[in-house]
file structure.pdb (PDB, C-alpha atoms)
ATOM      1  CA  MET A   1      -7.431 -22.492  87.667
ATOM      2  CA  ALA A   2      -8.016 -19.657  85.251
ATOM      3  CA  GLY A   3      -7.781 -16.056  86.406
ATOM      4  CA  LYS A   4     -10.214 -13.341  85.412
ATOM      5  CA  LEU A   5     -11.328 -14.109  81.871
ATOM      6  CA  PHE A   6     -13.231 -11.051  80.673
ATOM      7  CA  GLU A   7     -12.920  -7.315  81.277
ATOM      8  CA  ASN A   8     -16.642  -6.850  81.883
ATOM      9  CA  SER A   9     -18.315  -9.845  83.490
ATOM     10  CA  ILE A  10     -20.611 -11.072  86.247
ATOM     11  CA  ASN A  11     -20.319 -14.254  88.295
ATOM     12  CA  ILE A  12     -23.342 -16.526  88.220
ATOM     13  CA  GLY A  13     -22.011 -19.738  89.762
ATOM     14  CA  PRO A  14     -21.852 -20.617  93.460
ATOM     15  CA  ALA A  15     -19.113 -19.089  95.598
ATOM     16  CA  SER A  16     -17.221 -22.373  95.487
ATOM     17  CA  ASN A  17     -17.335 -22.455  91.693
ATOM     18  CA  PRO A  18     -17.644 -18.932  90.225
ATOM     19  CA  VAL A  19     -18.572 -18.778  86.535
ATOM     20  CA  GLU A  20     -17.882 -15.553  84.656
ATOM     21  CA  VAL A  21     -20.326 -14.458  81.964
ATOM     22  CA  ASN A  22     -18.870 -12.061  79.429
ATOM     23  CA  MET A  23     -21.163  -9.023  79.469
ATOM     24  CA  ASP A  24     -19.589  -7.596  76.303
ATOM     25  CA  ALA A  25     -20.206 -10.716  74.219
ATOM     26  CA  TYR A  26     -22.985 -11.347  71.778
ATOM     27  CA  ALA A  27     -23.967 -14.281  69.617
ATOM     28  CA  GLU A  28     -24.266 -13.310  65.992
ATOM     29  CA  ALA A  29     -27.191 -15.201  64.494
ATOM     30  CA  PHE A  30     -28.719 -15.156  61.042
ATOM     31  CA  GLU A  31     -31.989 -15.831  59.278
ATOM     32  CA  GLY A  32     -32.701 -19.308  58.005
ATOM     33  CA  LYS A  33     -35.618 -21.261  56.617
ATOM     34  CA  TYR A  34     -36.728 -24.644  57.795
ATOM     35  CA  LEU A  35     -39.211 -27.478  57.759
ATOM     36  CA  ARG A  36     -40.673 -28.553  61.101
ATOM     37  CA  PHE A  37     -42.598 -31.804  61.048
ATOM     38  CA  PHE A  38     -43.549 -34.941  62.923
ATOM     39  CA  ILE A  39     -41.929 -38.258  62.238
ATOM     40  CA  THR A  40     -44.032 -41.066  63.700
ATOM     41  CA  ALA A  41     -43.380 -44.788  63.921
ATOM     42  CA  TYR A  42     -44.623 -47.977  65.536
ATOM     43  CA  ASN A  43     -42.031 -48.245  68.300
ATOM     44  CA  GLU A  44     -39.340 -46.189  70.021
ATOM     45  CA  SER A  45     -36.382 -47.888  68.366
ATOM     46  CA  MET A  46     -37.702 -47.322  64.839
ATOM     47  CA  LEU A  47     -38.716 -43.756  65.679
ATOM     48  CA  LYS A  48     -35.308 -42.797  67.044
ATOM     49  CA  TYR A  49     -33.530 -44.383  64.092
ATOM     50  CA  ALA A  50     -35.679 -42.465  61.615
ATOM     51  CA  ALA A  51     -35.365 -39.181  63.494
ATOM     52  CA  ILE A  52     -31.597 -39.440  63.828
ATOM     53  CA  GLN A  53     -31.068 -40.513  60.211
ATOM     54  CA  THR A  54     -33.220 -37.685  58.929
ATOM     55  CA  THR A  55     -31.527 -34.960  60.939
ATOM     56  CA  ALA A  56     -27.906 -36.119  61.025
ATOM     57  CA  LEU A  57     -24.906 -34.219  59.634
ATOM     58  CA  PRO A  58     -25.307 -30.529  60.543
ATOM     59  CA  CYS A  59     -23.720 -28.587  57.686
ATOM     60  CA  VAL A  60     -25.913 -25.695  56.527
ATOM     61  CA  VAL A  61     -22.695 -23.662  56.169
ATOM     62  CA  LEU A  62     -21.702 -26.015  53.344
ATOM     63  CA  GLY A  63     -24.992 -25.604  51.509
ATOM     64  CA  ARG A  64     -26.436 -28.844  52.888
ATOM     65  CA  PRO A  65     -29.352 -29.320  55.307
ATOM     66  CA  GLU A  66     -28.837 -28.877  59.022
ATOM     67  CA  GLY A  67     -31.210 -30.695  61.312
ATOM     68  CA  GLY A  68     -32.036 -31.753  64.807
ATOM     69  CA  ILE A  69     -34.661 -33.307  67.033
ATOM     70  CA  GLU A  70     -36.659 -30.719  68.955
ATOM     71  CA  ARG A  71     -38.305 -33.284  71.224
ATOM     72  CA  TYR A  72     -39.988 -36.659  71.350
ATOM     73  CA  VAL A  73     -43.750 -36.644  71.863
ATOM     74  CA  GLY A  74     -46.430 -39.088  72.917
ATOM     75  CA  PRO A  75     -49.362 -40.421  70.890
ATOM     76  CA  ALA A  76     -51.660 -37.629  72.084
ATOM     77  CA  GLU A  77     -49.648 -35.008  70.183
ATOM     78  CA  THR A  78     -49.217 -36.687  66.794
ATOM     79  CA  PRO A  79     -51.749 -36.780  63.948
ATOM     80  CA  ASP A  80     -51.803 -40.579  63.691
ATOM     81  CA  GLY A  81     -51.850 -41.393  67.417
ATOM     82  CA  ARG A  82     -48.415 -42.998  67.472
ATOM     83  CA  ILE A  83     -45.260 -41.915  69.248
ATOM     84  CA  GLY A  84     -43.343 -39.255  67.360
ATOM     85  CA  ALA A  85     -40.514 -36.781  67.154
ATOM     86  CA  ILE A  86     -40.676 -33.124  66.150
ATOM     87  CA  VAL A  87     -37.700 -32.541  63.873
ATOM     88  CA  HIS A  88     -36.251 -29.524  62.066
ATOM     89  CA  LEU A  89     -34.434 -29.375  58.744
ATOM     90  CA  TRP A  90     -32.742 -26.030  58.065
ATOM     91  CA  MET A  91     -31.152 -24.309  55.110
ATOM     92  CA  ASP A  92     -29.647 -20.858  54.638
ATOM     93  CA  LYS A  93     -32.167 -18.117  53.828
ATOM     94  CA  ASP A  94     -30.512 -17.570  50.431
ATOM     95  CA  THR A  95     -30.873 -21.203  49.345
ATOM     96  CA  THR A  96     -32.878 -21.402  46.137
ATOM     97  CA  GLN A  97     -36.204 -23.209  46.150
ATOM     98  CA  GLU A  98     -34.784 -25.820  43.776
ATOM     99  CA  ASP A  99     -31.784 -26.570  46.012
ATOM    100  CA  PHE A 100     -33.950 -26.466  49.137
ATOM    101  CA  GLU A 101     -36.330 -29.074  47.714
ATOM    102  CA  TYR A 102     -33.526 -31.291  46.423
ATOM    103  CA  GLU A 103     -31.714 -31.359  49.748
ATOM    104  CA  MET A 104     -34.859 -31.855  51.818
ATOM    105  CA  SER A 105     -36.041 -34.624  49.524
ATOM    106  CA  ALA A 106     -32.802 -36.542  50.065
ATOM    107  CA  LYS A 107     -33.368 -36.412  53.820
ATOM    108  CA  GLY A 108     -36.966 -37.552  53.493
ATOM    109  CA  ARG A 109     -36.228 -40.362  51.036
ATOM    110  CA  GLN A 110     -33.009 -41.756  52.486
ATOM    111  CA  GLY A 111     -33.480 -40.737  56.117
ATOM    112  CA  THR A 112     -37.152 -41.416  56.835
ATOM    113  CA  LEU A 113     -38.880 -43.408  54.101
ATOM    114  CA  VAL A 114     -36.440 -46.302  54.411
ATOM    115  CA  VAL A 115     -37.223 -46.880  58.106
ATOM    116  CA  PRO A 116     -40.039 -49.399  58.683
ATOM    117  CA  THR A 117     -43.382 -47.872  59.824
ATOM    118  CA  ALA A 118     -42.090 -44.263  59.704
ATOM    119  CA  SER A 119     -44.345 -41.451  58.440
ATOM    120  CA  ILE A 120     -44.028 -37.647  58.046
ATOM    121  CA  TYR A 121     -46.701 -35.087  58.965
ATOM    122  CA  ASP A 122     -46.581 -31.318  59.310
ATOM    123  CA  VAL A 123     -46.759 -29.956  62.858
ATOM    124  CA  GLY A 124     -49.629 -27.661  61.829
ATOM    125  CA  ASN A 125     -48.386 -24.418  63.387
ATOM    126  CA  PRO A 126     -49.216 -21.516  61.017
ATOM    127  CA  ASP A 127     -46.476 -19.136  62.229
ATOM    128  CA  ASN A 128     -43.681 -17.714  60.033
ATOM    129  CA  ILE A 129     -44.647 -19.533  56.841
ATOM    130  CA  ILE A 130     -42.812 -18.172  53.780
ATOM    131  CA  GLY A 131     -43.380 -20.943  51.245
ATOM    132  CA  THR A 132     -44.411 -24.527  50.635
ATOM    133  CA  PHE A 133     -42.481 -27.707  49.935
ATOM    134  CA  ASP A 134     -44.554 -29.922  47.629
ATOM    135  CA  THR A 135     -43.234 -33.377  48.445
ATOM    136  CA  MET A 136     -44.797 -35.124  45.436
ATOM    137  CA  GLU A 137     -42.027 -34.827  42.823
ATOM    138  CA  SER A 138     -39.120 -35.182  45.202
ATOM    139  CA  ILE A 139     -40.468 -37.878  47.557
ATOM    140  CA  GLY A 140     -43.869 -38.994  46.280
ATOM    141  CA  PHE A 141     -42.434 -40.104  42.958
ATOM    142  CA  CYS A 142     -40.575 -42.823  44.864
ATOM    143  CA  GLY A 143     -43.855 -44.661  44.266
ATOM    144  CA  ASP A 144     -42.930 -44.905  40.565
ATOM    145  CA  GLY A 145     -46.463 -44.011  39.517
ATOM    146  CA  TYR A 146     -48.193 -46.225  42.084
ATOM    147  CA  GLN A 147     -48.379 -43.439  44.686
ATOM    148  CA  GLU A 148     -51.745 -41.927  45.583
ATOM    149  CA  VAL A 149     -52.900 -38.667  47.185
ATOM    150  CA  ILE A 150     -55.557 -39.649  49.701
ATOM    151  CA  LYS A 151     -57.695 -38.456  52.560
ATOM    152  CA  LYS A 152     -56.427 -40.383  55.565
ATOM    153  CA  CYS A 153     -58.612 -40.906  58.621
ATOM    154  CA  MET A 154     -56.505 -40.849  61.784
ATOM    155  CA  ASN A 155     -57.698 -40.564  65.369
ATOM    156  CA  GLY A 156     -61.208 -39.909  64.117
ATOM    157  CA  LYS A 157     -60.066 -36.941  62.003
ATOM    158  CA  GLU A 158     -59.736 -36.738  58.248
ATOM    159  CA  ARG A 159     -56.430 -35.416  56.905
ATOM    160  CA  ASN A 160     -56.333 -34.208  53.311
ATOM    161  CA  ASN A 161     -53.475 -34.393  50.807
ATOM    162  CA  VAL A 162     -51.556 -37.308  52.270
ATOM    163  CA  ILE A 163     -49.334 -39.157  49.813
ATOM    164  CA  LYS A 164     -49.444 -42.949  50.140
ATOM    165  CA  ILE A 165     -46.339 -44.611  48.685
ATOM    166  CA  PRO A 166     -46.319 -48.408  48.369
ATOM    167  CA  ILE A 167     -43.065 -49.860  49.672
ATOM    168  CA  MET A 168     -41.931 -53.379  50.479
ATOM    169  CA  ILE A 169     -43.273 -53.425  54.031
ATOM    170  CA  GLY A 170     -46.632 -51.777  53.284
ATOM    171  CA  ASP A 171     -47.172 -48.045  52.697
ATOM    172  CA  PHE A 172     -45.221 -44.901  53.569
ATOM    173  CA  TYR A 173     -47.290 -41.802  54.359
ATOM    174  CA  ILE A 174     -46.211 -38.172  54.038
ATOM    175  CA  ASP A 175     -48.116 -34.896  53.924
ATOM    176  CA  ARG A 176     -47.957 -33.584  50.376
ATOM    177  CA  TYR A 177     -47.461 -29.992  51.508
ATOM    178  CA  LEU A 178     -44.934 -29.075  54.195
ATOM    179  CA  PRO A 179     -44.733 -25.346  55.039
ATOM    180  CA  ILE A 180     -41.341 -23.654  54.724
ATOM    181  CA  ARG A 181     -40.847 -21.359  57.690
ATOM    182  CA  LYS A 182     -38.528 -18.495  58.564
ATOM    183  CA  GLY A 183     -36.478 -18.775  61.733
ATOM    184  CA  VAL A 184     -33.226 -17.771  63.424
ATOM    185  CA  SER A 185     -30.055 -19.856  63.158
ATOM    186  CA  GLY A 186     -26.737 -19.624  64.892
ATOM    187  CA  GLY A 187     -27.489 -18.513  68.422
ATOM    188  CA  ASN A 188     -24.465 -19.736  70.332
ATOM    189  CA  LEU A 189     -22.607 -19.949  73.623
ATOM    190  CA  TRP A 190     -18.941 -20.671  74.279
ATOM    191  CA  PHE A 191     -17.906 -22.437  77.493
ATOM    192  CA  TYR A 192     -14.444 -21.812  78.930
ATOM    193  CA  ILE A 193     -13.173 -24.935  80.699
ATOM    194  CA  ASP A 194     -10.218 -24.608  83.058
ATOM    195  CA  GLU A 195      -7.707 -27.062  84.515
ATOM    196  CA  SER A 196      -9.514 -27.737  87.782
ATOM    197  CA  ARG A 197     -11.274 -30.911  86.616
ATOM    198  CA  PRO A 198     -10.564 -33.546  83.942
ATOM    199  CA  VAL A 199     -11.790 -32.014  80.699
ATOM    200  CA  GLU A 200     -13.650 -35.177  79.650
ATOM    201  CA  GLU A 201     -15.618 -35.087  82.893
ATOM    202  CA  VAL A 202     -16.575 -31.452  82.364
ATOM    203  CA  LEU A 203     -17.529 -32.057  78.742
ATOM    204  CA  SER A 204     -19.691 -35.011  79.752
ATOM    205  CA  ASN A 205     -21.568 -32.950  82.339
ATOM    206  CA  LEU A 206     -21.894 -30.063  79.893
ATOM    207  CA  TRP A 207     -23.248 -32.361  77.192
ATOM    208  CA  GLU A 208     -25.893 -33.781  79.526
ATOM    209  CA  LYS A 209     -27.076 -30.559  81.179
ATOM    210  CA  ALA A 210     -26.920 -28.172  78.232
ATOM    211  CA  LEU A 211     -28.666 -30.506  75.820
ATOM    212  CA  SER A 212     -31.285 -31.382  78.414
ATOM    213  CA  ALA A 213     -32.046 -27.662  78.691
ATOM    214  CA  VAL A 214     -32.414 -27.427  74.914
ATOM    215  CA  ASP A 215     -34.654 -30.507  74.868
ATOM    216  CA  ASN A 216     -36.953 -28.817  77.379
ATOM    217  CA  ALA A 217     -37.052 -25.484  75.515
ATOM    218  CA  PRO A 218     -39.839 -25.222  72.913
ATOM    219  CA  GLY A 219     -39.122 -24.590  69.239
ATOM    220  CA  VAL A 220     -35.341 -25.041  69.221
ATOM    221  CA  ILE A 221     -32.682 -27.562  68.255
ATOM    222  CA  ALA A 222     -28.953 -27.865  68.929
ATOM    223  CA  PRO A 223     -27.802 -29.309  65.576
ATOM    224  CA  PHE A 224     -24.201 -29.956  66.655
ATOM    225  CA  GLY A 225     -24.936 -31.103  70.212
ATOM    226  CA  ILE A 226     -21.912 -29.724  72.022
ATOM    227  CA  CYS A 227     -19.579 -28.658  69.223
ATOM    228  CA  SER A 228     -15.838 -29.161  69.562
ATOM    229  CA  ALA A 229     -14.823 -26.907  66.671
ATOM    230  CA  GLY A 230     -16.405 -23.478  66.526
ATOM    231  CA  SER A 231     -15.807 -22.057  63.079
ATOM    232  CA  LYS A 232     -14.862 -18.637  61.790
ATOM    233  CA  VAL A 233     -15.724 -16.574  58.733
ATOM    234  CA  GLY A 234     -13.328 -17.330  55.898
ATOM    235  CA  SER A 235      -9.963 -19.064  55.885
ATOM    236  CA  GLU A 236      -6.601 -17.505  56.704
ATOM    237  CA  MET A 237      -4.747 -19.908  54.419
ATOM    238  CA  ALA A 238      -7.213 -19.419  51.561
ATOM    239  CA  ASP A 239      -6.404 -15.706  51.663
ATOM    240  CA  LYS A 240      -2.639 -16.265  51.906
ATOM    241  CA  LEU A 241      -2.589 -18.785  49.069
ATOM    242  CA  GLU A 242      -5.246 -17.188  46.875
ATOM    243  CA  GLY A 243      -5.004 -18.242  43.243
ATOM    244  CA  THR A 244      -3.125 -21.474  43.966
ATOM    245  CA  PRO A 245      -4.522 -25.041  43.994
ATOM    246  CA  GLU A 246      -3.780 -25.304  47.709
ATOM    247  CA  GLY A 247      -5.525 -21.995  48.359
ATOM    248  CA  ASP A 248      -8.564 -23.242  46.439
ATOM    249  CA  ALA A 249      -8.547 -26.406  48.570
ATOM    250  CA  TYR A 250      -8.631 -24.360  51.772
ATOM    251  CA  LYS A 251     -11.442 -22.236  50.371
ATOM    252  CA  ASN A 252     -13.488 -25.217  49.235
ATOM    253  CA  ILE A 253     -13.335 -26.918  52.616
ATOM    254  CA  GLY A 254     -15.633 -24.243  54.053
ATOM    255  CA  PRO A 255     -15.204 -22.861  57.587
ATOM    256  CA  THR A 256     -11.775 -23.736  58.926
ATOM    257  CA  THR A 257     -10.567 -23.984  62.508
ATOM    258  CA  ASN A 258     -10.941 -20.881  64.650
ATOM    259  CA  HIS A 259      -7.209 -20.781  65.330
ATOM    260  CA  GLU A 260      -7.349 -17.793  67.679
ATOM    261  CA  GLN A 261      -9.598 -19.808  70.015
ATOM    262  CA  CYS A 262      -7.642 -23.098  69.962
ATOM    263  CA  PRO A 263      -6.092 -23.766  73.418
ATOM    264  CA  THR A 264      -3.324 -25.940  71.968
ATOM    265  CA  LEU A 265      -2.152 -23.029  69.786
ATOM    266  CA  ARG A 266      -1.822 -20.561  72.669
ATOM    267  CA  GLY A 267       1.813 -19.549  72.859
ATOM    268  CA  LYS A 268       2.468 -20.803  69.341
ATOM    269  CA  ILE A 269       0.662 -18.145  67.309
ATOM    270  CA  VAL A 270       0.344 -14.389  67.341
ATOM    271  CA  GLY A 271      -3.108 -13.188  68.286
ATOM    272  CA  SER A 272      -4.298 -16.087  70.429
ATOM    273  CA  LYS A 273      -7.432 -15.125  72.358
ATOM    274  CA  VAL A 274      -7.414 -18.082  74.749
ATOM    275  CA  PRO A 275      -7.035 -16.929  78.375
ATOM    276  CA  GLU A 276      -4.333 -18.472  80.547
ATOM    277  CA  GLY A 277      -5.522 -21.628  82.293
ATOM    278  CA  ILE A 278      -8.252 -22.434  79.758
ATOM    279  CA  VAL A 279      -7.855 -25.881  78.199
ATOM    280  CA  SER A 280     -11.056 -26.259  76.169
ATOM    281  CA  ILE A 281     -13.690 -23.988  74.576
ATOM    282  CA  PRO A 282     -16.669 -26.046  73.381
ATOM    283  CA  GLU A 283     -19.670 -24.355  71.790
ATOM    284  CA  ILE A 284     -23.390 -24.922  71.565
ATOM    285  CA  VAL A 285     -25.297 -23.682  68.505
ATOM    286  CA  ILE A 286     -29.044 -23.113  68.739
ATOM    287  CA  ASP A 287     -31.518 -22.772  65.858
ATOM    288  CA  GLY A 288     -35.085 -21.804  66.640
ATOM    289  CA  THR A 289     -38.473 -20.713  65.386
ATOM    290  CA  GLY A 290     -37.828 -17.068  66.327
ATOM    291  CA  LEU A 291     -35.390 -14.691  67.974
ATOM    292  CA  HIS A 292     -37.015 -14.794  71.412
ATOM    293  CA  THR A 293     -37.192 -18.577  71.247
ATOM    294  CA  VAL A 294     -33.432 -18.751  70.693
ATOM    295  CA  GLU A 295     -32.734 -16.146  73.403
ATOM    296  CA  ASN A 296     -34.816 -18.027  75.953
ATOM    297  CA  ALA A 297     -33.068 -21.290  75.137
ATOM    298  CA  MET A 298     -29.651 -19.655  75.549
ATOM    299  CA  LYS A 299     -30.742 -18.341  78.935
ATOM    300  CA  ASP A 300     -31.953 -21.799  79.961
ATOM    301  CA  VAL A 301     -28.636 -23.352  78.947
ATOM    302  CA  ILE A 302     -26.644 -20.833  80.983
ATOM    303  CA  GLN A 303     -28.735 -21.537  84.057
ATOM    304  CA  ALA A 304     -28.413 -25.282  83.529
ATOM    305  CA  VAL A 305     -24.600 -25.346  83.376
ATOM    306  CA  LYS A 306     -23.610 -22.658  85.858
ATOM    307  CA  ASP A 307     -22.948 -25.171  88.661
ATOM    308  CA  ILE A 308     -20.693 -27.462  86.629
ATOM    309  CA  ARG A 309     -17.239 -27.565  88.183
ATOM    310  CA  GLY A 310     -14.572 -26.812  85.626
ATOM    311  CA  ILE A 311     -16.568 -24.256  83.648
ATOM    312  CA  ALA A 312     -14.843 -20.985  84.426
ATOM    313  CA  GLY A 313     -16.599 -18.720  81.956
ATOM    314  CA  ILE A 314     -19.298 -18.328  79.336
ATOM    315  CA  SER A 315     -19.102 -16.138  76.255
ATOM    316  CA  ALA A 316     -20.415 -16.183  72.687
ATOM    317  CA  GLY A 317     -19.115 -16.039  69.141
ATOM    318  CA  ASP A 318     -19.510 -12.916  67.068
ATOM    319  CA  TYR A 319     -18.048 -12.340  63.650
ATOM    320  CA  GLY A 320     -17.921  -8.585  63.355
ATOM    321  CA  GLY A 321     -21.295  -8.395  61.641
ATOM    322  CA  GLU A 322     -20.154 -10.620  58.744
ATOM    323  CA  LEU A 323     -22.340 -13.599  59.604
ATOM    324  CA  GLY A 324     -25.819 -12.311  60.365
ATOM    325  CA  PRO A 325     -28.026  -9.421  61.453
ATOM    326  CA  TYR A 326     -29.147 -10.728  64.845
ATOM    327  CA  LYS A 327     -26.998  -9.814  67.825
ATOM    328  CA  ILE A 328     -27.978 -11.669  70.988
ATOM    329  CA  HIS A 329     -26.166  -9.824  73.760
ATOM    330  CA  LEU A 330     -25.502 -11.938  76.819
ATOM    331  CA  ASN A 331     -25.983  -8.966  79.134
ATOM    332  CA  LYS A 332     -29.626  -8.809  78.015
ATOM    333  CA  LEU A 333     -30.267 -12.414  79.012
ATOM    334  CA  PHE A 334     -30.009 -11.548  82.722
TER     335      PHE A 334
END

call {"tool": "encode", "arguments": {"input": "structure.pdb", "output": "structure tokens"}}
result
Amino acid sequence: MAGKLFENSINIGPASNPVEVNMDAYAEAFEGKYLRFFITAYNESMLKYAAIQTTALPCVVLGRPEGGIERYVGPAETPDGRIGAIVHLWMDKDTTQEDFEYEMSAKGRQGTLVVPTASIYDVGNPDNIIGTFDTMESIGFCGDGYQEVIKKCMNGKERNNVIKIPIMIGDFYIDRYLPIRKGVSGGNLWFYIDESRPVEEVLSNLWEKALSAVDNAPGVIAPFGICSAGSKVGSEMADKLEGTPEGDAYKNIGPTTNHEQCPTLRGKIVGSKVPEGIVSIPEIVIDGTGLHTVENAMKDVIQAVKDIRGIAGISAGDYGGELGPYKIHLNKLF
């Protein structure tokens, strides 16, 4: 069992399983921009395949799209009256329009269009719009000149500017204009797992309960699920070996392991920040449509996992102001 983990904390778990929350910690989040749209399909299997393919590989830190499934919805919520998924695709706020469109088009073409019966429609919420993604050149041109922009009647309503692309199973439909929105990326929580239970058991319970809380929170995604490797800003070896081929390799790999928070390095390195008795520190990252949306989801996750045996503490990752302007202090979530 771990001892006291944080200098300033409160216990939120039951008496039989106290869970410390670090009252000095804050999650350092940053501004991002994203597309939020429906994917619809004929059946559940096709829908899930399209949604997962479109949103897989969270890597906005490497200049590539980061995505996730906000929630699955029934026919009453989608434009075409079929089952659907609300998905997010995120990029860094500094991504150029050209790069944004290129990356998003790859997701739409190779993630969604190739799945039988799948379609893409905007969610229609007018909030936080900062631009527009015209899908014609980057996705519509898959029709090789045979594509059309049509008015599509669905559920008794006419929808303008829908691109119809002939493909080998019929037609693929996508809204020509998808709004680009501003949101908040990188809200996070760290979970300190002690030796009292098998770590795989704790991780399994954490995965189920934390992600269920995110699924039930509106406007957010957890692009990494439960993440096993929280990153840090920069690379220690890139700095040490600057100007050498090996140093360039470390730099090019992007965020490297957060060595100070690796339990297996405690006792082997100077500066380890892993408390005694802690054997694992998984993380959840939350991206959302606004700051309060992310804060509320973080609060929901904390409440959902506080009874899990083996979780001794909860904190968050900050990067000394180097990562982003939003500081989500855990003590303000209670």

call {"tool": "resolve_selection", "arguments": {"input": "structure.pdb", "expression": "the PyMOL selection byres ((chain A and resi 159-169) around 6)", "output": "list in words"}}
result
Gly143, Gln147, Glu148, Val149, Ile150, Lys151, Lys152, Glu158, Gly170, Asp171, Phe172, Tyr173, Ile174, Asp175 and Arg176 of chain A

call {"tool": "write_last_selection", "arguments": {"input": "structure.pdb", "atoms": "C-alpha atoms", "output": "mmCIF file, in the frame of the given file"}}
result
data_model
loop_
_atom_site.group_PDB
_atom_site.id
_atom_site.type_symbol
_atom_site.label_atom_id
_atom_site.label_comp_id
_atom_site.auth_asym_id
_atom_site.auth_seq_id
_atom_site.Cartn_x
_atom_site.Cartn_y
_atom_site.Cartn_z
ATOM 1 C CA GLY A 143 -43.855 -44.661 44.266
ATOM 2 C CA GLN A 147 -48.379 -43.439 44.686
ATOM 3 C CA GLU A 148 -51.745 -41.927 45.583
ATOM 4 C CA VAL A 149 -52.900 -38.667 47.185
ATOM 5 C CA ILE A 150 -55.557 -39.649 49.701
ATOM 6 C CA LYS A 151 -57.695 -38.456 52.560
ATOM 7 C CA LYS A 152 -56.427 -40.383 55.565
ATOM 8 C CA GLU A 158 -59.736 -36.738 58.248
ATOM 9 C CA GLY A 170 -46.632 -51.777 53.284
ATOM 10 C CA ASP A 171 -47.172 -48.045 52.697
ATOM 11 C CA PHE A 172 -45.221 -44.901 53.569
ATOM 12 C CA TYR A 173 -47.290 -41.802 54.359
ATOM 13 C CA ILE A 174 -46.211 -38.172 54.038
ATOM 14 C CA ASP A 175 -48.116 -34.896 53.924
ATOM 15 C CA ARG A 176 -47.957 -33.584 50.376
#

call {"tool": "residues_around", "arguments": {"input": "structure.pdb", "residues": "Ser231 in chain A", "least_positions_apart": "4", "cutoff": "12 Å", "atoms": "all atoms listed in the file", "output": "list in words"}}
result
Cys59, Val61, Gly186, Asn188, Trp190, Cys227, Ser235, Ile253, Gly254, Pro255, Thr256, Thr257, Asn258, His259, Glu260, Gln261, Cys262, Ile281, Pro282, Glu283, Ile284, Val285, Gly317, Asp318, Tyr319 and Leu323 of chain A

call {"tool": "closest_residue", "arguments": {"input": "structure.pdb", "among": "A:Gly67, A:Pro116, A:Pro79, A:Gly271", "to": "Asp92 in chain A", "atoms": "all atoms listed in the file"}}
result
A:Gly67

call {"tool": "closest_residue", "arguments": {"input": "structure.pdb", "among": "A:Ile10, A:Leu47, A:Val73, A:Ala29", "to": "Gly324 in chain A", "atoms": "all atoms listed in the file"}}
result
A:Ala29

call {"tool": "closest_residue", "arguments": {"input": "structure.pdb", "among": "A:Phe191, A:Phe100, A:Tyr177, A:Phe38", "to": "Ser280 in chain A", "atoms": "only C-alpha atoms"}}
result
A:Phe191

call {"tool": "closest_residue", "arguments": {"input": "structure.pdb", "among": "A:Ile130, A:Val19, A:Cys142, A:Met154", "to": "Pro179 in chain A", "atoms": "all atoms listed in the file"}}
result
A:Ile130

call {"tool": "decode", "arguments": {"input": "structure.pdb", "residues": "range 167-197 of chain A", "atoms": "C-alpha atoms", "output": "PDB file, in the first residue's frame"}}
result
ATOM      1  CA  ILE A 167     -18.644   4.196 -55.653  1.00  0.00           C
ATOM      2  CA  MET A 168     -18.758   0.479 -56.349  1.00  0.00           C
ATOM      3  CA  ILE A 169     -21.573  -0.296 -53.921  1.00  0.00           C
ATOM      4  CA  GLY A 170     -23.787   2.683 -54.805  1.00  0.00           C
ATOM      5  CA  ASP A 171     -23.220   6.272 -53.635  1.00  0.00           C
ATOM      6  CA  PHE A 172     -21.304   7.868 -50.766  1.00  0.00           C
ATOM      7  CA  TYR A 173     -22.824  11.029 -49.280  1.00  0.00           C
ATOM      8  CA  ILE A 174     -21.007  13.802 -47.423  1.00  0.00           C
ATOM      9  CA  ASP A 175     -21.930  17.369 -46.531  1.00  0.00           C
ATOM     10  CA  ARG A 176     -19.879  19.680 -48.719  1.00  0.00           C
ATOM     11  CA  TYR A 177     -19.246  22.134 -45.889  1.00  0.00           C
ATOM     12  CA  LEU A 178     -18.129  20.970 -42.448  1.00  0.00           C
ATOM     13  CA  PRO A 179     -17.589  23.757 -39.879  1.00  0.00           C
ATOM     14  CA  ILE A 180     -14.175  23.978 -38.218  1.00  0.00           C
ATOM     15  CA  ARG A 181     -14.659  24.680 -34.533  1.00  0.00           C
ATOM     16  CA  LYS A 182     -12.483  25.894 -31.681  1.00  0.00           C
ATOM     17  CA  GLY A 183     -12.245  23.729 -28.585  1.00  0.00           C
ATOM     18  CA  VAL A 184     -10.021  22.709 -25.676  1.00  0.00           C
ATOM     19  CA  SER A 185      -7.589  19.792 -25.888  1.00  0.00           C
ATOM     20  CA  GLY A 186      -5.486  18.074 -23.300  1.00  0.00           C
ATOM     21  CA  GLY A 187      -7.547  18.060 -20.135  1.00  0.00           C
ATOM     22  CA  ASN A 188      -6.075  15.159 -18.208  1.00  0.00           C
ATOM     23  CA  LEU A 189      -6.045  13.083 -15.043  1.00  0.00           C
ATOM     24  CA  TRP A 190      -3.336  10.803 -13.682  1.00  0.00           C
ATOM     25  CA  PHE A 191      -4.295   7.758 -11.603  1.00  0.00           C
ATOM     26  CA  TYR A 192      -1.851   6.423  -9.017  1.00  0.00           C
ATOM     27  CA  ILE A 193      -2.211   2.646  -8.694  1.00  0.00           C
ATOM     28  CA  ASP A 194      -0.693   0.930  -5.670  1.00  0.00           C
ATOM     29  CA  GLU A 195       0.296  -2.653  -4.876  1.00  0.00           C
ATOM     30  CA  SER A 196      -2.915  -3.679  -3.135  1.00  0.00           C
ATOM     31  CA  ARG A 197      -4.536  -5.271  -6.196  1.00  0.00           C
TER      32      ARG A 197
END
